[in-house]
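First up is the structure itself, then whatever we jot down about it.
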Amino acid sequence: MSDKTEPTGGESPRPLVRLGGVSKDYGTVTAVPPLDFDIAEGEFLALLGPSGCGKTTVLRMIGGFLAPTTGRIEIDGEDVTRLGPEKRRTNMVFQGYGLFPHMSVRANIAYGLQLMKRPRAEIDEKVARMLSLVRLEGFEDRMPAALSGGQAQRVALARALIMNPAVLLLDESLGALDLKLRKSLQNELREIHRAIGGTFVFVTHDQAEAMALATRIAIMKDGRIVQHGTPREVYEQPANEFVADFIGDANILRGTRRSGEVIVPGLSKLGHVDGPDGDVSIVVRPDAVDLLTGGETREFEVTGTLTSQVYYGTHVTFTARLANGEEMMVTQPTPGGPDLPEEGAAVRLGWHRDRCNAVAPE
Ligand SMILES: Nc1ncnc2c1ncn2[C@@H]1O[C@H](COP(=O)(O)OP(=O)(O)OP(=O)(O)O)[C@@H](O)[C@H]1O
């Protein structure tokens, strides 16, 4: 898997941000080894990965808050590698929002245009437009201390967007909010992205948030982008065990493949999936596994003992201990028919070949 996005032809969107061999060392520690990556105009890109994987470092280099150790950054065809944040057509929303506490909502939002000495009428008109975009009409005279977390976040967003940046950078900016507010702001952010058609780059370690917001997700590990694609692509076709495990829940069965047959120690012959001989891991999502109660068969099947069962109303989750001692997670829509098997019952589980992936083991 390459971490380079090559334009594939006339139809692919124009790259707006181009990172060419961009790396960052902190002293003797390489946080980001040389990275080649393009961000297309209009996309909502999530940089996703565990703590310390280098996502904030990449975001800050794009924004001009950190100078790369090597490489070149282009925005809209312009080499910005040596330009500071104020000279770039980027704008960053920080996690703590960074609102000026002694200024009203209106003054906070107007600040950038005021610095540029734009005419009063233009500022008033744009502030009004922003207040409407982030649904804060009527809040213009409030001071930041009198705002909720979600309102402060929206002011920070308006303050960044009023500058009409080519790229809006968001640094875990929903991180400080409670779950319910986060969800409603995720919806708003998505709507705002759609309404203005801008290019957003968002840093998060929360895979559910990345799935909810992004048009494309770049998954990072140890400073490298290990896979990028739409939320659906990275969920359904993870490139390796790390991605499978990081995005959603995954059952991972490690074994070997000979002439396409996958053999997992302790289990009988598992199934067939084309590919080269050698070590292989089969990744299957809990929602792809079926509990086989009748005579039905699947291309992949295992047997085990039901160890737990949780009823969630819309769906049920099971855990089964397989013959090799490993656990398998299963999620099923709540069946309307017969009773569910009891804990301790022998179960047969199976899935279709096109619902699993063979990936290289870690
Ligand atoms: N100023 C610094 N000096 C030395 N090392 C640093 C510095 N800033 C970051 N690092 C290291 O560089 C690596 C990448 O850090 P970075 O903040 O980009 O990760 P991250 O993925 O954004 O993590 P988090 O989600 O925890 O913010 C980490 O190992 C971190 O410890």
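Scheme for the structure tokens: letters A, B, ... for chains in order shown; per-chain residue numbers from 1; ligand numbers from 1 in order shown.
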Within 12 Å of ligand 1 (only C-alpha atoms and all ligand atoms), residues as a tab-separated table (two decimals) with C-alpha atoms, in the first residue's frame:
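Just written: part.tsv:
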```tsv
chain	number	residue	atom	x	y	z
A	23	SER	CA	9.25	15.01	7.48
A	24	LYS	CA	9.63	16.24	11.05
A	25	ASP	CA	12.32	15.41	13.57
A	26	TYR	CA	12.16	16.60	17.17
A	27	GLY	CA	15.85	16.46	18.12
A	28	THR	CA	16.89	12.87	17.51
A	29	VAL	CA	13.28	11.59	17.38
A	30	THR	CA	11.66	11.28	13.96
A	31	ALA	CA	7.97	12.02	14.56
A	32	VAL	CA	7.09	11.95	10.85
A	33	PRO	CA	9.32	10.17	8.29
A	47	LEU	CA	-6.15	12.40	10.03
A	48	LEU	CA	-6.86	9.51	12.38
A	49	GLY	CA	-4.56	7.55	14.62
A	50	PRO	CA	-3.60	6.73	18.19
A	51	SER	CA	-2.01	9.25	20.50
A	52	GLY	CA	1.53	10.13	19.43
A	53	CYS	CA	1.22	8.89	15.83
A	54	GLY	CA	2.10	12.34	14.43
A	55	LYS	CA	-1.25	13.66	13.24
A	56	THR	CA	-1.02	17.02	15.05
A	57	THR	CA	2.53	17.42	13.75
A	58	VAL	CA	1.29	16.98	10.17
A	59	LEU	CA	-1.61	19.41	10.73
A	60	ARG	CA	0.69	22.03	12.23
A	61	MET	CA	3.12	21.75	9.35
A	65	PHE	CA	2.97	26.46	12.99
A	66	LEU	CA	5.84	23.98	12.64
A	67	ALA	CA	8.59	24.00	10.04
A	94	PHE	CA	-7.56	24.90	18.11
A	95	GLN	CA	-8.84	22.50	20.71
A	170	LEU	CA	-9.36	21.51	12.94
A	171	ASP	CA	-7.24	20.22	15.81
A	172	GLU	CA	-9.37	17.75	17.86
A	173	SER	CA	-11.71	20.67	18.13
A	175	GLY	CA	-12.49	16.84	21.92
A	202	PHE	CA	-9.48	17.37	10.85
A	203	VAL	CA	-7.31	15.60	13.44
A	204	THR	CA	-8.89	13.00	15.70
A	205	HIS	CA	-8.12	9.80	17.56
A	206	ASP	CA	-11.84	8.92	17.62
A	219	ILE	CA	-4.98	6.42	9.13
A	220	MET	CA	-1.62	7.10	10.73
A	221	LYS	CA	0.75	4.89	12.65
A	222	ASP	CA	4.26	5.87	13.78
A	223	GLY	CA	4.24	9.00	11.61
A	224	ARG	CA	3.19	7.19	8.43
A	225	ILE	CA	-0.12	7.11	6.62
```
So how far away is CA of Thr256 (chain A) from CA of Leu322 (chain A), in Å? 17.5 Å
Which polymer residues have any atom within 8 Å of an atom of Cys356 (chain A), counting only C-alpha atoms, with same-chain residues fewer than 2 positions away left out, as a PyMOL selection string? chain A and resi 282-285+288+351-354+358
Okay, now the selection with C-alpha atoms, as a PDB file, in the first residue's frame?
```
ATOM      1  CA  ILE A 282      -8.514 -13.163   8.009  1.00  0.00           C
ATOM      2  CA  VAL A 283     -10.405 -10.065   9.147  1.00  0.00           C
ATOM      3  CA  VAL A 284     -14.146 -10.388   9.632  1.00  0.00           C
ATOM      4  CA  ARG A 285     -16.382  -7.753  11.186  1.00  0.00           C
ATOM      5  CA  ALA A 288     -20.599  -9.999   8.951  1.00  0.00           C
ATOM      6  CA  TRP A 351     -19.718 -15.746   6.914  1.00  0.00           C
ATOM      7  CA  HIS A 352     -19.615 -15.181   3.206  1.00  0.00           C
ATOM      8  CA  ARG A 353     -16.235 -14.919   1.505  1.00  0.00           C
ATOM      9  CA  ASP A 354     -16.961 -11.401   0.267  1.00  0.00           C
ATOM     10  CA  ALA A 358      -7.232 -11.522   3.875  1.00  0.00           C
TER      11      ALA A 358
END
```
When DSSP is applied to the backbone of this structure, which of region 150-349 of chain A are assigned helix (DSSP H, G or I)? Write them out as a ChimeraX atom specification. /A:150-161,179-196,207-213,231-236,241-246,286-288
Mind writing the picked residues with N, CA and C atoms as a compact mmCIF listing (two decimals), in the first residue's frame?
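Dumped to out.txt:
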```txt
# COMPACT_ATOMS: atom_id res chain seq x y z
N GLY A 150 -20.18 24.25 23.26
CA GLY A 150 -20.57 24.11 21.85
C GLY A 150 -20.67 25.46 21.16
N GLN A 151 -21.19 26.47 21.90
CA GLN A 151 -21.30 27.82 21.30
C GLN A 151 -19.91 28.40 21.07
N ALA A 152 -19.01 28.20 22.04
CA ALA A 152 -17.65 28.72 21.89
C ALA A 152 -16.97 28.08 20.68
N GLN A 153 -17.23 26.79 20.51
CA GLN A 153 -16.65 26.08 19.37
C GLN A 153 -17.15 26.67 18.06
N ARG A 154 -18.44 27.03 18.04
CA ARG A 154 -19.02 27.60 16.81
C ARG A 154 -18.47 28.99 16.54
N VAL A 155 -18.21 29.76 17.60
CA VAL A 155 -17.60 31.08 17.41
C VAL A 155 -16.19 30.91 16.81
N ALA A 156 -15.46 29.93 17.36
CA ALA A 156 -14.09 29.69 16.85
C ALA A 156 -14.14 29.30 15.37
N LEU A 157 -15.13 28.52 15.02
CA LEU A 157 -15.30 28.10 13.63
C LEU A 157 -15.62 29.31 12.74
N ALA A 158 -16.54 30.15 13.21
CA ALA A 158 -16.93 31.34 12.45
C ALA A 158 -15.73 32.27 12.28
N ARG A 159 -14.94 32.41 13.34
CA ARG A 159 -13.78 33.30 13.30
C ARG A 159 -12.75 32.81 12.26
N ALA A 160 -12.66 31.49 12.12
CA ALA A 160 -11.74 30.95 11.12
C ALA A 160 -12.33 31.06 9.71
N LEU A 161 -13.62 30.73 9.59
CA LEU A 161 -14.23 30.68 8.25
C LEU A 161 -14.42 32.05 7.62
N LEU A 179 -20.49 13.89 24.86
CA LEU A 179 -20.81 13.07 23.70
C LEU A 179 -22.00 13.60 22.90
N LYS A 180 -23.06 14.02 23.61
CA LYS A 180 -24.26 14.45 22.91
C LYS A 180 -23.99 15.72 22.09
N LEU A 181 -23.30 16.66 22.71
CA LEU A 181 -22.97 17.91 22.03
C LEU A 181 -22.03 17.64 20.86
N ARG A 182 -21.09 16.74 21.07
CA ARG A 182 -20.17 16.35 20.01
C ARG A 182 -20.92 15.87 18.79
N LYS A 183 -21.92 15.03 19.03
CA LYS A 183 -22.69 14.45 17.93
C LYS A 183 -23.43 15.54 17.17
N SER A 184 -24.03 16.50 17.91
CA SER A 184 -24.80 17.53 17.21
C SER A 184 -23.85 18.47 16.47
N LEU A 185 -22.67 18.74 17.06
CA LEU A 185 -21.71 19.58 16.34
C LEU A 185 -21.10 18.86 15.13
N GLN A 186 -20.99 17.55 15.23
CA GLN A 186 -20.51 16.79 14.07
C GLN A 186 -21.46 17.01 12.90
N ASN A 187 -22.77 16.93 13.19
CA ASN A 187 -23.76 17.16 12.13
C ASN A 187 -23.63 18.56 11.57
N GLU A 188 -23.46 19.55 12.47
CA GLU A 188 -23.34 20.93 12.00
C GLU A 188 -22.10 21.13 11.15
N LEU A 189 -20.99 20.55 11.62
CA LEU A 189 -19.74 20.69 10.86
C LEU A 189 -19.90 20.11 9.46
N ARG A 190 -20.55 18.96 9.39
CA ARG A 190 -20.76 18.32 8.09
C ARG A 190 -21.63 19.21 7.20
N GLU A 191 -22.65 19.80 7.78
CA GLU A 191 -23.53 20.68 7.00
C GLU A 191 -22.78 21.93 6.53
N ILE A 192 -21.97 22.49 7.44
CA ILE A 192 -21.20 23.69 7.08
C ILE A 192 -20.23 23.35 5.94
N HIS A 193 -19.58 22.21 6.06
CA HIS A 193 -18.66 21.79 4.99
C HIS A 193 -19.40 21.69 3.67
N ARG A 194 -20.57 21.12 3.69
CA ARG A 194 -21.36 20.97 2.47
C ARG A 194 -21.80 22.34 1.95
N ALA A 195 -22.24 23.20 2.88
CA ALA A 195 -22.79 24.50 2.48
C ALA A 195 -21.72 25.38 1.83
N ILE A 196 -20.51 25.37 2.37
CA ILE A 196 -19.51 26.28 1.80
C ILE A 196 -18.58 25.58 0.81
N GLN A 207 -12.30 7.09 16.11
CA GLN A 207 -12.64 6.54 14.79
C GLN A 207 -14.11 6.78 14.43
N ALA A 208 -15.00 6.80 15.43
CA ALA A 208 -16.41 7.03 15.13
C ALA A 208 -16.61 8.45 14.60
N GLU A 209 -15.86 9.39 15.18
CA GLU A 209 -15.95 10.78 14.73
C GLU A 209 -15.41 10.92 13.30
N ALA A 210 -14.31 10.24 13.02
CA ALA A 210 -13.75 10.28 11.67
C ALA A 210 -14.75 9.71 10.67
N MET A 211 -15.39 8.59 11.03
CA MET A 211 -16.38 7.97 10.13
C MET A 211 -17.56 8.92 9.91
N ALA A 212 -17.97 9.61 10.98
CA ALA A 212 -19.17 10.45 10.90
C ALA A 212 -18.91 11.70 10.05
N LEU A 213 -17.69 12.21 10.06
CA LEU A 213 -17.43 13.52 9.45
C LEU A 213 -16.76 13.45 8.09
N PRO A 231 -14.61 6.36 4.30
CA PRO A 231 -14.92 5.58 5.50
C PRO A 231 -15.29 4.14 5.15
N ARG A 232 -16.06 3.97 4.11
CA ARG A 232 -16.48 2.63 3.72
C ARG A 232 -15.29 1.76 3.28
N GLU A 233 -14.40 2.35 2.49
CA GLU A 233 -13.24 1.58 2.03
C GLU A 233 -12.37 1.11 3.19
N VAL A 234 -12.08 2.02 4.13
CA VAL A 234 -11.17 1.60 5.20
C VAL A 234 -11.85 0.63 6.16
N TYR A 235 -13.18 0.70 6.27
CA TYR A 235 -13.89 -0.25 7.13
C TYR A 235 -14.00 -1.62 6.44
N GLU A 236 -14.38 -1.60 5.17
CA GLU A 236 -14.66 -2.86 4.49
C GLU A 236 -13.42 -3.50 3.89
N GLU A 241 -3.82 -5.48 9.66
CA GLU A 241 -4.45 -5.74 10.96
C GLU A 241 -4.62 -4.46 11.77
N PHE A 242 -3.63 -3.57 11.69
CA PHE A 242 -3.70 -2.33 12.47
C PHE A 242 -4.95 -1.53 12.11
N VAL A 243 -5.18 -1.35 10.81
CA VAL A 243 -6.35 -0.58 10.37
C VAL A 243 -7.63 -1.31 10.75
N ALA A 244 -7.64 -2.63 10.54
CA ALA A 244 -8.84 -3.42 10.87
C ALA A 244 -9.21 -3.24 12.33
N ASP A 245 -8.21 -3.24 13.18
CA ASP A 245 -8.42 -3.16 14.60
C ASP A 245 -8.79 -1.74 15.04
N PHE A 246 -8.21 -0.76 14.36
CA PHE A 246 -8.41 0.63 14.76
C PHE A 246 -9.78 1.16 14.33
N PRO A 286 -17.77 -8.14 13.19
CA PRO A 286 -18.81 -8.84 13.95
C PRO A 286 -20.15 -8.86 13.24
N ASP A 287 -20.45 -7.79 12.48
CA ASP A 287 -21.75 -7.74 11.81
C ASP A 287 -21.79 -8.61 10.55
N ALA A 288 -20.64 -9.13 10.14
CA ALA A 288 -20.60 -10.00 8.95
C ALA A 288 -20.75 -11.47 9.33
```
If we count only C-alpha atoms and set the cut-off at 10 Å, which residues sit around Asn91 (chain A), ignoring sequence neighbours fewer than 5 positions away in its own chain? Please answer as an NGL selection string. :A and (62-64 or 85-86 or 157 or 159-170 or 200)
For the selection just defined, write its residues with N, CA and C atoms to a file, as a compact mmCIF listing (two decimals), in the first residue's frame.
```txt
# COMPACT_ATOMS: atom_id res chain seq x y z
N ILE A 62 1.10 21.78 7.97
CA ILE A 62 0.25 22.33 6.89
C ILE A 62 -0.13 23.77 7.23
N GLY A 63 -0.40 24.03 8.51
CA GLY A 63 -0.83 25.37 8.94
C GLY A 63 0.31 26.36 9.09
N GLY A 64 1.54 25.89 9.07
CA GLY A 64 2.69 26.81 9.20
C GLY A 64 3.11 27.07 10.63
N PRO A 85 2.12 31.04 9.45
CA PRO A 85 0.68 30.79 9.38
C PRO A 85 -0.11 31.95 8.77
N GLU A 86 0.30 33.19 9.10
CA GLU A 86 -0.49 34.34 8.65
C GLU A 86 -0.33 34.61 7.16
N LEU A 157 -15.13 28.52 15.02
CA LEU A 157 -15.30 28.10 13.63
C LEU A 157 -15.62 29.31 12.74
N ARG A 159 -14.94 32.41 13.34
CA ARG A 159 -13.78 33.30 13.30
C ARG A 159 -12.75 32.81 12.26
N ALA A 160 -12.66 31.49 12.12
CA ALA A 160 -11.74 30.95 11.12
C ALA A 160 -12.33 31.06 9.71
N LEU A 161 -13.62 30.73 9.59
CA LEU A 161 -14.23 30.68 8.25
C LEU A 161 -14.42 32.05 7.62
N ILE A 162 -14.53 33.09 8.45
CA ILE A 162 -14.77 34.43 7.90
C ILE A 162 -13.58 34.87 7.04
N MET A 163 -12.41 34.27 7.29
CA MET A 163 -11.23 34.63 6.51
C MET A 163 -11.19 33.91 5.17
N ASN A 164 -12.23 33.13 4.90
CA ASN A 164 -12.33 32.40 3.64
C ASN A 164 -11.06 31.60 3.32
N PRO A 165 -10.62 30.77 4.27
CA PRO A 165 -9.37 30.03 4.04
C PRO A 165 -9.53 29.00 2.92
N ALA A 166 -8.43 28.75 2.21
CA ALA A 166 -8.46 27.67 1.21
C ALA A 166 -8.59 26.33 1.93
N VAL A 167 -7.97 26.24 3.12
CA VAL A 167 -8.04 25.01 3.90
C VAL A 167 -8.33 25.36 5.36
N LEU A 168 -9.36 24.73 5.91
CA LEU A 168 -9.65 24.91 7.33
C LEU A 168 -9.07 23.72 8.08
N LEU A 169 -8.27 24.00 9.11
CA LEU A 169 -7.62 22.95 9.89
C LEU A 169 -8.27 22.87 11.25
N LEU A 170 -8.66 21.68 11.66
CA LEU A 170 -9.36 21.51 12.94
C LEU A 170 -8.57 20.53 13.80
N PHE A 200 -11.56 20.84 4.32
CA PHE A 200 -11.35 20.77 5.76
C PHE A 200 -10.39 19.61 6.07
```
In Å to one decimal, how far is CA of Val280 (chain A) from CA of Thr297 (chain A)? 23.3 Å
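Nearest-residue note for Leu131 (chain A): choosing from A:Val105, A:Arg118, A:Gly71, A:Gly112, the minimum distance belongs to A:Val105, counting only C-alpha atoms.
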Out of A:Leu147, A:Leu267, A:Val201, A:Ile247, which residue has the shortest atom-to-atom distance to Ala214 (chain A) when counting only C-alpha atoms?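 Closest candidate: A:Val201.
Atom pair CA of Arg88 (chain A) / CA of Val17 (chain A) has a distance of 11.5 Å (rounded to one decimal).
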Extract, using only C-alpha atoms, all DNA, RNA and protein residues at most 12 Å from Glu78 (chain A), discarding same-chain residues fewer than 6 positions from it, and format them as a list of chain:residue names.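 So, after excluding close chain neighbours, the residues are A:Pro15, A:Leu16, A:Val17, A:Arg18, A:Leu19, A:Arg72, A:Lys87, A:Arg88, A:Arg89, A:Ala166.
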Could you save the residues just selected, with N, CA and C atoms, as an mmCIF file, in the first residue's frame?
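Okay, this is what ended up in out30.cif:
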```
data_model
loop_
_atom_site.group_PDB
_atom_site.id
_atom_site.type_symbol
_atom_site.label_atom_id
_atom_site.label_comp_id
_atom_site.auth_asym_id
_atom_site.auth_seq_id
_atom_site.Cartn_x
_atom_site.Cartn_y
_atom_site.Cartn_z
ATOM 1 N N PRO A 15 -5.459 18.495 -6.667
ATOM 2 C CA PRO A 15 -4.854 18.528 -5.336
ATOM 3 C C PRO A 15 -4.688 19.972 -4.874
ATOM 4 N N LEU A 16 -5.200 20.278 -3.714
ATOM 5 C CA LEU A 16 -5.108 21.639 -3.194
ATOM 6 C C LEU A 16 -3.894 21.760 -2.283
ATOM 7 N N VAL A 17 -3.669 20.714 -1.489
ATOM 8 C CA VAL A 17 -2.495 20.687 -0.613
ATOM 9 C C VAL A 17 -1.630 19.522 -1.073
ATOM 10 N N ARG A 18 -0.340 19.799 -1.268
ATOM 11 C CA ARG A 18 0.572 18.718 -1.665
ATOM 12 C C ARG A 18 1.728 18.668 -0.686
ATOM 13 N N LEU A 19 1.926 17.501 -0.089
ATOM 14 C CA LEU A 19 3.083 17.293 0.779
ATOM 15 C C LEU A 19 4.054 16.420 0.000
ATOM 16 N N ARG A 72 8.598 19.646 1.019
ATOM 17 C CA ARG A 72 7.990 20.838 0.442
ATOM 18 C C ARG A 72 6.474 20.747 0.598
ATOM 19 N N LYS A 87 0.702 34.004 6.552
ATOM 20 C CA LYS A 87 0.932 34.207 5.117
ATOM 21 C C LYS A 87 0.333 33.084 4.276
ATOM 22 N N ARG A 88 -0.317 32.107 4.948
ATOM 23 C CA ARG A 88 -0.884 30.984 4.206
ATOM 24 C C ARG A 88 -2.392 31.112 4.128
ATOM 25 N N ARG A 89 -2.977 30.497 3.125
ATOM 26 C CA ARG A 89 -4.440 30.544 3.017
ATOM 27 C C ARG A 89 -5.056 29.382 3.812
ATOM 28 N N ALA A 166 -8.433 28.747 2.213
ATOM 29 C CA ALA A 166 -8.462 27.668 1.211
ATOM 30 C C ALA A 166 -8.589 26.333 1.934
#
```
